[in-house]
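*Asks:* Supplied in structure tokens, the structure appears directly below.
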Amino acid sequence: MAFEYLKSMSGGLDKNAVLSDIMLTYGEDVWNYAFFLSKNRTLADDVTQDVFVRVYERLYTFRGEASIKTWLLAITRNLVRDHWRSAWIRRVIPFGILRQEGQEPSAESQVIGLLAEEEVWNTVLGLPFKLREVLLLHAHHQLSYAEIAKLLNVSEGTVKSRLSRARAKVSQQLGEEGRKV
């Protein structure tokens, strides 16, 4: 039974200890995935909190058919999609991503590094949703093609195709930016 599977996995610890362990291990991954899907820090915070509330409520329903990380990312994806489908978001025009100001690196190399990193992330965030999602799951969260296919409910061939197209678009856009400078 699912309860027995997770209980044996957690060494018989109580729900609070298991949740704490899961949050420490995967909390950053969940937040990052929520942010890349939504492009909104506040929403990523809310979704992350909701993910772990759901995990706590359904902790012992985890069947072990996929990794815990894949299970958490599936919950995260569903919550972000639910948010975008909600009536509230359809009536409100979301504002752009707020940037944090006042953080200035002191060394020139740090500035150049940050600009390059920001350019890459802006390029990735500018990809169409389906391509951005697959690229993020593979490159950042290091999920296999099979895990991504199961999470997104598509075939492995579709995952490979989207990943290839995402990489090509990023390379193309970064190449064009390099020629402009």
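Labels for the structure tokens follow display order: chains A, B, ..., residues from 1 in each chain, ligands from 1.
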Ser67 (chain A): which residues within 9 Å, counting only C-alpha atoms, same-chain residues fewer than 4 positions away excluded, as a list of chain:residue names?
*Replies:* A:Trp71, A:Leu72, A:Glu147
*Asks:* Could you name the residues that touch Lys150 (chain A) at 9 Å or less, counting only C-alpha atoms, but leaving out those on the same chain fewer than 5 positions away, as a compact mmCIF listing (two decimals) with all heavy atoms, in the first residue's frame?
*Replies:*
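Below is the file result_32.txt, written as the result:
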```txt
# COMPACT_ATOMS: atom_id res chain seq x y z
N ALA A 66 7.05 7.10 -9.52
CA ALA A 66 8.03 8.03 -10.05
C ALA A 66 8.85 8.52 -8.86
O ALA A 66 8.54 8.22 -7.71
CB ALA A 66 7.33 9.20 -10.73
N THR A 70 9.87 14.15 -9.20
CA THR A 70 8.92 14.18 -10.32
C THR A 70 7.51 14.41 -9.80
O THR A 70 6.74 15.18 -10.38
CB THR A 70 8.98 12.87 -11.12
OG1 THR A 70 10.32 12.67 -11.57
CG2 THR A 70 8.06 12.90 -12.32
N TYR A 145 14.26 11.79 -20.14
CA TYR A 145 13.19 11.94 -21.14
C TYR A 145 11.93 11.24 -20.67
O TYR A 145 10.82 11.75 -20.82
CB TYR A 145 13.62 11.37 -22.50
CG TYR A 145 14.77 12.09 -23.16
CD1 TYR A 145 15.78 11.39 -23.79
CD2 TYR A 145 14.85 13.48 -23.18
CE1 TYR A 145 16.84 12.04 -24.41
CE2 TYR A 145 15.89 14.15 -23.79
CZ TYR A 145 16.89 13.42 -24.40
OH TYR A 145 17.91 14.07 -25.01
N SER A 155 4.63 11.85 -25.32
CA SER A 155 5.56 10.77 -25.65
C SER A 155 7.01 11.24 -25.48
O SER A 155 7.29 12.44 -25.47
CB SER A 155 5.35 10.29 -27.08
OG SER A 155 5.80 11.28 -27.99
N GLU A 156 7.92 10.27 -25.36
CA GLU A 156 9.34 10.62 -25.25
C GLU A 156 9.83 11.31 -26.51
O GLU A 156 10.68 12.20 -26.45
CB GLU A 156 10.18 9.37 -24.97
CG GLU A 156 10.11 8.90 -23.54
CD GLU A 156 11.09 7.79 -23.23
OE1 GLU A 156 12.30 7.94 -23.56
OE2 GLU A 156 10.66 6.78 -22.67
```
*Asks:* Please determine, counting only C-alpha atoms, which residue among A:Tyr26, A:Tyr56, A:Trp84, A:Tyr33 has the shortest atom-to-atom distance to Ala139 (chain A).
*Replies:*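 Of all the options, A:Tyr33 lies closest to Ala139 (chain A).
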*Asks:* List the neighbours of Ala44 (chain A) out to 7 Å using only C-alpha atoms; skip same-chain residues closer than 6 positions along the sequence, and give me the result as a list in words.
*Replies:*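 Once the nearby chain positions are removed, what remains is Trp31, Ala34, Phe35 and Ser38 of chain A.
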*Asks:* Go ahead and write the selection's residues with N, CA, C and O atoms as a PDB file, in the first residue's frame.
*Replies:*
```
ATOM      1  N   TRP A  31      10.387  25.776  -6.103  1.00  0.00           N
ATOM      2  CA  TRP A  31      10.243  27.223  -6.307  1.00  0.00           C
ATOM      3  C   TRP A  31      10.761  27.620  -7.689  1.00  0.00           C
ATOM      4  O   TRP A  31      10.105  28.388  -8.405  1.00  0.00           O
ATOM      5  N   ALA A  34       8.308  26.593 -10.349  1.00  0.00           N
ATOM      6  CA  ALA A  34       7.125  27.465 -10.302  1.00  0.00           C
ATOM      7  C   ALA A  34       7.450  28.834 -10.906  1.00  0.00           C
ATOM      8  O   ALA A  34       6.645  29.401 -11.651  1.00  0.00           O
ATOM      9  N   PHE A  35       8.628  29.345 -10.615  1.00  0.00           N
ATOM     10  CA  PHE A  35       9.023  30.649 -11.158  1.00  0.00           C
ATOM     11  C   PHE A  35       9.173  30.587 -12.674  1.00  0.00           C
ATOM     12  O   PHE A  35       8.704  31.474 -13.392  1.00  0.00           O
ATOM     13  N   SER A  38       5.748  30.432 -14.285  1.00  0.00           N
ATOM     14  CA  SER A  38       4.893  31.610 -14.113  1.00  0.00           C
ATOM     15  C   SER A  38       5.571  32.929 -14.438  1.00  0.00           C
ATOM     16  O   SER A  38       4.895  33.919 -14.693  1.00  0.00           O
TER      17      SER A  38
END
```
*Asks:* Would you kindly return, as a PyMOL selection string, each protein, DNA or RNA residue with an atom no farther than 9 Å from any atom of His141 (chain A), considering only C-alpha atoms and excluding same-chain residues fewer than 5 positions away?
*Replies:* chain A and resi 29+33+69+136
*Asks:* Now that the selection is made, can you save its residues with N, CA and C atoms as a CSV table (one decimal), in the first residue's frame?
*Replies:*
```csv
chain,number,residue,atom,x,y,z
A,29,ASP,N,14.0,23.5,-5.8
A,29,ASP,CA,13.6,23.0,-7.1
A,29,ASP,C,12.2,23.3,-7.4
A,33,TYR,N,11.0,25.9,-10.4
A,33,TYR,CA,10.1,25.4,-11.4
A,33,TYR,C,8.8,26.3,-11.5
A,69,LYS,N,10.9,13.8,-6.6
A,69,LYS,CA,11.1,15.1,-7.3
A,69,LYS,C,10.1,15.2,-8.4
A,136,LEU,N,13.8,23.4,-19.2
A,136,LEU,CA,14.0,23.6,-17.7
A,136,LEU,C,14.0,22.2,-17.0
```
*Asks:* Just to confirm, what's the straight-line distance from CA of Leu43 (chain A) to CA of Leu135 (chain A) in Å (one decimal)?
*Replies:*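 Computed distance, CA of Leu43 (chain A) to CA of Leu135 (chain A), equals 20.8 Å.
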*Asks:* Quick check, in Å to one decimal: how far apart do CA of Val170 (chain A) and CA of Thr123 (chain A) lie?
*Replies:* 6.3 Å
*Asks:* Residues within 10 Å of Gly126 (chain A), please, as a list in words. Count only C-alpha atoms; anything in the same chain fewer than 6 positions from it doesn't count.
*Replies:* Lys39, Val120, Arg132, Lys169, Val170 and Gln173 of chain A
